[in-house]
$ cat coords13.txt   # compact mmCIF, C-alpha atoms and all ligand atoms
# COMPACT_ATOMS: atom_id res chain seq x y z
CA MET A 80 61.83 37.94 -74.58
CA HIS A 81 61.74 34.47 -76.08
CA PRO A 82 61.70 31.99 -73.17
CA ALA A 83 64.64 30.10 -74.70
CA ASP A 84 66.67 33.33 -74.77
CA ALA A 85 65.71 34.08 -71.19
CA ALA A 86 66.94 30.62 -70.13
CA LEU A 87 70.19 30.96 -72.12
CA GLN A 88 70.95 34.40 -70.77
CA GLN A 89 70.26 33.31 -67.23
CA SER A 90 72.59 30.33 -67.58
CA PHE A 91 75.36 32.39 -69.22
CA PRO A 92 74.99 36.05 -68.21
CA SER A 93 77.10 39.05 -69.23
CA VAL A 94 78.30 41.28 -66.42
CA MET A 95 79.37 44.92 -66.61
CA VAL A 96 82.52 44.94 -64.47
CA PRO A 97 82.21 47.69 -61.84
CA ARG A 98 84.79 50.42 -61.95
CA PHE A 99 84.57 51.55 -58.31
CA GLY A 100 83.17 48.60 -56.44
CA ALA A 101 84.15 44.94 -56.36
CA LEU A 102 82.91 42.41 -58.86
CA ALA A 103 80.41 40.08 -57.17
CA THR A 104 81.72 36.53 -57.04
CA MET A 105 79.87 33.70 -58.74
CA GLU A 106 77.88 31.82 -56.14
CA ARG A 107 77.60 28.54 -57.94
CA PRO A 108 79.41 26.66 -60.72
CA GLY A 109 78.82 28.04 -64.19
CA GLU A 110 80.10 30.54 -66.72
CA ARG A 111 79.66 34.22 -67.36
CA LEU A 112 81.03 36.86 -69.67
CA LEU A 113 82.74 39.85 -68.07
CA ILE A 114 82.62 43.06 -70.06
CA ALA A 115 85.59 45.07 -68.80
CA ALA A 116 87.47 48.22 -69.84
CA ASN A 117 90.32 45.98 -71.03
CA GLY A 118 88.33 43.48 -73.05
CA VAL A 119 85.80 40.70 -72.82
CA PHE A 120 86.61 37.87 -70.44
CA LEU A 121 85.22 34.41 -69.83
CA GLU A 122 84.89 33.37 -66.19
CA ILE A 123 84.35 29.71 -65.39
CA VAL A 124 83.69 28.34 -61.93
CA ARG A 125 83.74 24.67 -60.96
CA PRO A 126 83.89 23.22 -57.44
CA TRP A 127 87.63 22.60 -58.01
CA LEU A 128 88.59 25.52 -60.25
CA ARG A 129 88.02 29.16 -61.08
CA VAL A 130 89.48 30.43 -64.30
CA VAL A 131 89.28 33.83 -66.02
CA ARG A 132 90.63 34.31 -69.54
CA ARG A 133 90.44 37.22 -71.96
CA LEU A 134 88.52 36.18 -75.04
CA GLY A 135 89.33 39.38 -76.88
CA ALA A 136 90.53 42.96 -76.66
CA PHE A 137 88.67 45.85 -78.26
CA GLN A 138 89.58 46.79 -81.77
CA TYR A 139 89.29 50.54 -81.16
CA ARG A 140 90.31 52.74 -78.24
CA THR A 141 87.08 54.06 -76.88
CA ALA A 142 86.15 54.99 -73.33
CA ILE A 143 84.38 52.09 -71.67
CA PRO A 144 83.30 53.21 -68.21
CA TYR A 145 83.85 49.82 -66.56
CA GLY A 146 86.56 48.34 -64.41
CA GLU A 147 89.44 46.15 -65.53
CA VAL A 148 89.75 42.40 -65.12
CA ALA A 149 92.88 40.28 -64.71
CA GLU A 150 93.18 36.71 -65.91
CA ALA A 151 93.19 34.21 -63.05
CA THR A 152 93.61 30.52 -62.35
CA GLU A 153 92.57 29.33 -58.88
CA LEU A 154 92.81 25.67 -58.09
CA ARG A 155 90.35 24.92 -55.31
CA CYS A 156 91.28 21.28 -54.85
CA SER A 157 94.56 20.01 -53.46
CA ARG A 158 97.27 18.53 -55.69
CA VAL A 159 96.22 15.49 -57.68
CA PRO A 160 97.78 12.49 -55.86
CA ALA A 161 100.63 11.03 -57.92
CA ASP A 162 99.49 7.52 -56.86
CA LEU A 163 96.47 7.90 -59.15
CA ILE A 164 98.78 8.73 -62.07
CA GLY A 165 100.68 5.55 -61.17
CA GLU A 166 97.41 3.60 -61.15
CA PHE A 167 96.53 4.96 -64.57
CA ALA A 168 100.03 4.21 -65.89
CA ALA A 169 99.59 0.57 -64.83
CA MET A 170 96.24 0.46 -66.68
CA ALA A 171 97.79 2.03 -69.80
CA ARG A 172 100.65 -0.49 -69.75
CA ALA A 173 98.29 -3.43 -69.35
CA THR A 174 96.11 -2.25 -72.28
CA HIS A 175 99.05 -1.31 -74.54
CA PRO A 176 99.28 -1.41 -77.58
CA LYS A 177 95.59 -0.42 -77.42
CA GLU A 178 94.50 2.91 -75.97
CA THR A 179 92.65 3.25 -72.70
CA GLY A 180 91.15 6.02 -70.58
CA ALA A 181 90.16 6.96 -67.04
CA TRP A 182 88.99 9.97 -65.07
CA ILE A 183 90.51 11.36 -61.92
CA VAL A 184 87.52 12.76 -60.04
CA TRP A 185 87.33 14.87 -56.90
CA ASN A 186 84.65 15.14 -54.27
CA ALA A 187 84.32 18.65 -52.87
CA ALA A 188 82.59 17.42 -49.68
CA THR A 189 85.27 14.89 -48.72
CA ALA A 190 88.23 16.36 -50.69
CA ALA A 191 88.97 12.79 -51.85
CA PHE A 192 90.27 11.93 -55.31
CA ARG A 193 89.80 8.60 -57.09
CA LEU A 194 90.51 7.08 -60.48
CA VAL A 195 87.48 5.84 -62.44
CA PRO A 196 88.06 3.86 -65.66
CA VAL A 197 85.94 5.05 -68.61
CA GLN A 198 83.53 2.65 -70.29
CA ILE A 199 85.33 1.70 -73.47
CA LEU A 200 83.10 1.28 -76.54
CA GLU A 201 85.87 0.78 -79.09
CA HIS A 202 89.63 1.00 -78.88
CA SER A 203 92.65 0.23 -81.01
CA GLY A 204 96.27 1.33 -81.22
CA GLY A 205 95.17 4.66 -82.68
CA HIS A 206 91.82 5.56 -81.22
CA LEU A 207 89.53 5.33 -78.24
CA LYS A 208 85.77 5.73 -78.08
CA TYR A 209 84.25 5.78 -74.63
CA ASP A 210 81.25 6.63 -72.53
CA ARG A 211 81.66 9.00 -69.61
CA PRO A 212 81.90 6.99 -66.40
CA SER A 213 79.14 7.26 -63.82
CA LEU A 214 80.19 9.31 -60.82
CA ARG A 215 79.04 9.34 -57.21
CA THR A 216 77.15 12.30 -55.78
CA GLY A 217 79.39 15.33 -55.43
CA GLU A 218 82.16 14.00 -57.64
CA VAL A 219 83.49 16.12 -60.49
CA LEU A 220 85.95 15.46 -63.29
CA VAL A 221 89.40 16.99 -62.72
CA VAL A 222 91.79 15.03 -64.96
CA ASP A 223 90.69 13.19 -68.11
CA CYS A 224 93.44 10.61 -68.76
CA HIS A 225 94.01 8.59 -71.90
CA SER A 226 96.88 6.63 -73.37
CA HIS A 227 98.37 6.63 -76.86
CA GLY A 228 99.62 3.03 -76.94
CA CYS A 229 103.06 3.03 -78.55
CA HIS A 230 102.65 6.55 -80.00
CA PRO A 231 104.10 9.57 -78.19
CA ALA A 232 102.01 11.66 -75.79
CA GLY A 233 100.50 14.83 -77.22
CA PHE A 234 97.16 16.20 -78.33
CA SER A 235 95.76 15.16 -81.68
CA ARG A 236 93.07 16.87 -83.72
CA THR A 237 90.64 14.24 -82.40
CA ASP A 238 91.69 15.13 -78.84
CA ASN A 239 91.00 18.80 -79.62
CA ALA A 240 87.50 17.95 -80.86
CA ASP A 241 86.86 15.70 -77.83
CA ASP A 242 88.06 18.35 -75.35
CA GLN A 243 86.29 21.31 -76.96
CA HIS A 244 83.44 21.70 -74.46
CA ASP A 245 84.96 20.47 -71.23
CA VAL A 246 86.50 22.12 -68.21
CA LYS A 247 89.26 19.79 -67.03
CA PHE A 248 92.89 18.87 -67.24
CA ALA A 249 93.60 16.48 -70.12
CA PHE A 250 96.45 14.06 -69.55
CA VAL A 251 98.02 11.73 -72.12
CA MET A 252 100.51 8.94 -71.56
CA GLY A 253 102.38 7.79 -74.66
CA ASN A 254 105.16 5.32 -75.47
CA CYS A 255 103.51 2.96 -73.00
CA GLN A 256 106.04 0.20 -73.75
CA ALA A 257 108.91 2.35 -72.46
CA ALA A 258 110.18 2.23 -68.87
CA VAL A 259 109.74 6.01 -68.80
CA PRO A 260 106.66 6.86 -70.89
CA SER A 261 106.04 10.28 -72.48
CA LEU A 262 103.47 12.47 -70.74
CA ALA A 263 101.46 15.51 -71.85
CA LEU A 264 99.13 17.70 -69.81
CA ARG A 265 96.91 20.65 -70.62
CA LEU A 266 94.14 22.73 -69.14
CA CYS A 267 90.92 22.70 -71.17
CA ALA A 268 88.42 25.48 -70.46
CA LYS A 269 85.53 25.52 -72.92
CA GLY A 270 87.67 25.60 -76.05
CA ILE A 271 90.69 27.32 -74.50
CA PHE A 272 93.62 24.88 -74.41
CA GLU A 273 96.75 25.68 -72.44
CA ASN A 274 99.62 23.22 -72.40
CA VAL A 275 101.30 22.69 -69.06
CA GLU A 276 104.93 22.94 -70.13
CA LYS A 277 106.28 21.01 -67.17
CA VAL A 278 104.35 17.90 -66.21
CA PRO A 279 104.97 17.47 -62.44
CA ALA A 280 108.13 15.46 -61.75
CA GLU A 281 106.24 13.24 -59.30
CA TRP A 282 103.92 12.22 -62.14
CA TYR A 283 106.92 10.97 -64.14
CA GLU A 284 108.13 9.18 -61.06
CA ALA A 285 104.70 7.55 -60.58
CA ALA A 286 104.32 6.60 -64.27
CA ARG A 287 107.76 4.97 -64.44
CA GLU A 288 107.66 1.20 -64.90
CA GLU A 289 108.33 -0.59 -61.66
CA VAL A 290 111.11 -3.08 -62.13
CA LEU A 291 110.90 -5.87 -59.59
CA ALA A 292 114.23 -6.55 -57.95
ZN ZN J 301 94.88 11.31 -77.80

$ encode --input "coords13.txt" --output "structure tokens" --more "lines below"
Ligand SMILES: [Zn+2]
Amino acid sequence: MHPADAALQQSFPSVMVPRFGALATMERPGERLLIAANGVFLEIVRPWLRVVRRLGAFQYRTAIPYGEVAEATELRCSRVPADLIGEFAAMARATHPKETGAWIVWNAATAAFRLVPVQILEHSGGHLKYDRPSLRTGEVLVVDCHSHGCHPAGFSRTDNADDQHDVKFAFVMGNCQAAVPSLALRLCAKGIFENVEKVPAEWYEAAREEVLA
């Protein structure tokens, strides 16, 4: 086999899902393809997340002597602290009408979250170009936050292109001038985008402008 193919296949293997026994769990972060009786699935493991999604069903009914797989979403970190959403909201308000960005990262060893501003290369009221921030040992990206200045929250075509290869939650705060900004959240898993229909209420509470009495 070509050494490049050997390396690729080792980094992203295909697994025949057992019909009688249990599927061996992934021991370290990575991706694999699960060939099951009910379709082909992508399994992604990160220190904070395990996600299984069906990429496709089979076009014809034919006997495939493998087991079945169910889609799964397992969050291995605790809830993202709403304080960090509040911290980001303050940043977004201060930068408005320009866009800004930050990462909420998680450390598996300490279970601690923190907000890390991205290194902005260029930003305006309609776009943001940034370098990924440098993280400490053991830290991984969980929520990629950016703001939309005075525009509403949502995911643009540029956001789709930016999020294509990542495994993360993407979070957008829009209408940054408003006391209650608009918020949008989605799970990004290597090109699979799933909108979270209900952004947690405590995130709205945290992003609300604090009016000093
Ligand atoms: Zn955007």

$ residues_near_ligand --input "coords13.txt" --ligand "ligand ZN 301 (chain J)" --cutoff "8 Å" --atoms "all atoms listed in the file" --output "MDAnalysis selection string"
chainID A and resid 206 225:227 232:235 237:238 251

$ closest_residue --input "coords13.txt" --among "A:Met252, A:Ala181, A:Val219, A:Ala169" --to "A:Trp127" --atoms "only C-alpha atoms"
A:Val219

$ atom_distance --input "coords13.txt" --atom1 "atom CA of A:Val246" --atom2 "atom CA of A:Lys277"
19.8 Å

$ closest_residue --input "coords13.txt" --among "A:Ala240, A:Ala161, A:Ala187, A:Cys229" --to "A:Val278" --atoms "all atoms listed in the file"
A:Ala161

$ atom_distance --input "coords13.txt" --atom1 "atom CA of A:Leu112" --atom2 "atom CA of A:Met95"
8.8 Å

$ residues_around --input "coords13.txt" --residues "A:Tyr209" --least-positions-apart "6" --cutoff "10 Å" --atoms "all atoms listed in the file" --output "list in words"
Thr179, Gly180, Ala181, Pro196, Val197, Gln198, Ile199, Leu200, Glu201 and His202 of chain A

$ residues_near_point --input "coords13.txt" --point "(86.6, 38.7, -66.6)" --cutoff "6 Å" --atoms "all atoms listed in the file" --output "PyMOL selection string"
chain A and resi 113+120-122+131+148

$ axis_aligned_box --input "coords13.txt" --around "stretch 117-124 of chain A" --padding-each-side "5 Å" --output "AutoDock Vina command-line options"
--center_x 87.0 --center_y 37.2 --center_z -67.5 --size_x 16.6 --size_y 27.6 --size_z 21.1

$ residues_around --input "coords13.txt" --residues "A:Ile164" --least-positions-apart "2" --cutoff "7 Å" --atoms "all atoms listed in the file" --output "JSON, numbers by chain"
{"A": [161, 162, 166, 167, 168, 282, 285, 286]}

$ atom_distance --input "coords13.txt" --atom1 "atom CA of A:Leu102" --atom2 "atom CA of A:Gly146"
8.9 Å

$ closest_residue --input "coords13.txt" --among "A:Arg211, A:Thr189, A:Gly165, A:Gln88" --to "A:Val259" --atoms "all atoms listed in the file"
A:Gly165

$ residues_around --input "coords13.txt" --residues "A:Pro176" --least-positions-apart "6" --cutoff "10 Å" --atoms "all atoms listed in the file" --output "list in words"
Ser203, Gly204, Gly205, Ser226, His227, Gly228, Cys229, His230, Asn254, Cys255 and Gln256 of chain A

$ residues_around --input "coords13.txt" --residues "A:Pro126" --least-positions-apart "2" --cutoff "12 Å" --atoms "all atoms listed in the file" --output "list in words"
Met105, Glu106, Arg107, Pro108, Gly109, Ile123, Val124, Leu128, Arg129, Val130, Glu153, Leu154, Arg155, Cys156, Ser157, Val184, Trp185, Asn186, Ala187, Ala188, Ala190, Gly217, Glu218, Val219, Leu220, Val221, Val246 and Lys247 of chain A

$ closest_residue --input "coords13.txt" --among "A:Arg193, A:His81, A:Arg111, A:Arg215" --to "A:Leu163" --atoms "only C-alpha atoms"
A:Arg193

$ closest_residue --input "coords13.txt" --among "A:Met170, A:Phe272, A:Arg287, A:Glu147" --to "A:Gly100" --atoms "all atoms listed in the file"
A:Glu147

$ residues_near_point --input "coords13.txt" --point "(92.2, 19.4, -67.9)" --cutoff "6 Å" --atoms "only C-alpha atoms" --output "list of chain:residue names"
A:Val222, A:Lys247, A:Phe248, A:Ala249, A:Arg265, A:Leu266, A:Cys267

$ closest_residue --input "coords13.txt" --among "A:Gly270, A:Pro144, A:Pro212, A:Pro231" --to "A:Phe99" --atoms "all atoms listed in the file"
A:Pro144

$ closest_atom_pairs --input "coords13.txt" --of "stretch 98-130 of chain A" --to "stretch 137-140 of chain A" --cutoff "12 Å" --atoms "all atoms listed in the file" --output "Markdown table"
| residue | atom | partner | partner_atom | distance |
| --- | --- | --- | --- | --- |
| A:Ile114 | CA | A:Phe137 | CA | 10.6 |
| A:Ala115 | CA | A:Phe137 | CA | 10.0 |
| A:Ala116 | CA | A:Phe137 | CA | 8.8 |
| A:Asn117 | CA | A:Phe137 | CA | 7.4 |
| A:Gly118 | CA | A:Phe137 | CA | 5.7 |
| A:Val119 | CA | A:Phe137 | CA | 8.0 |
| A:Phe120 | CA | A:Phe137 | CA | 11.4 |
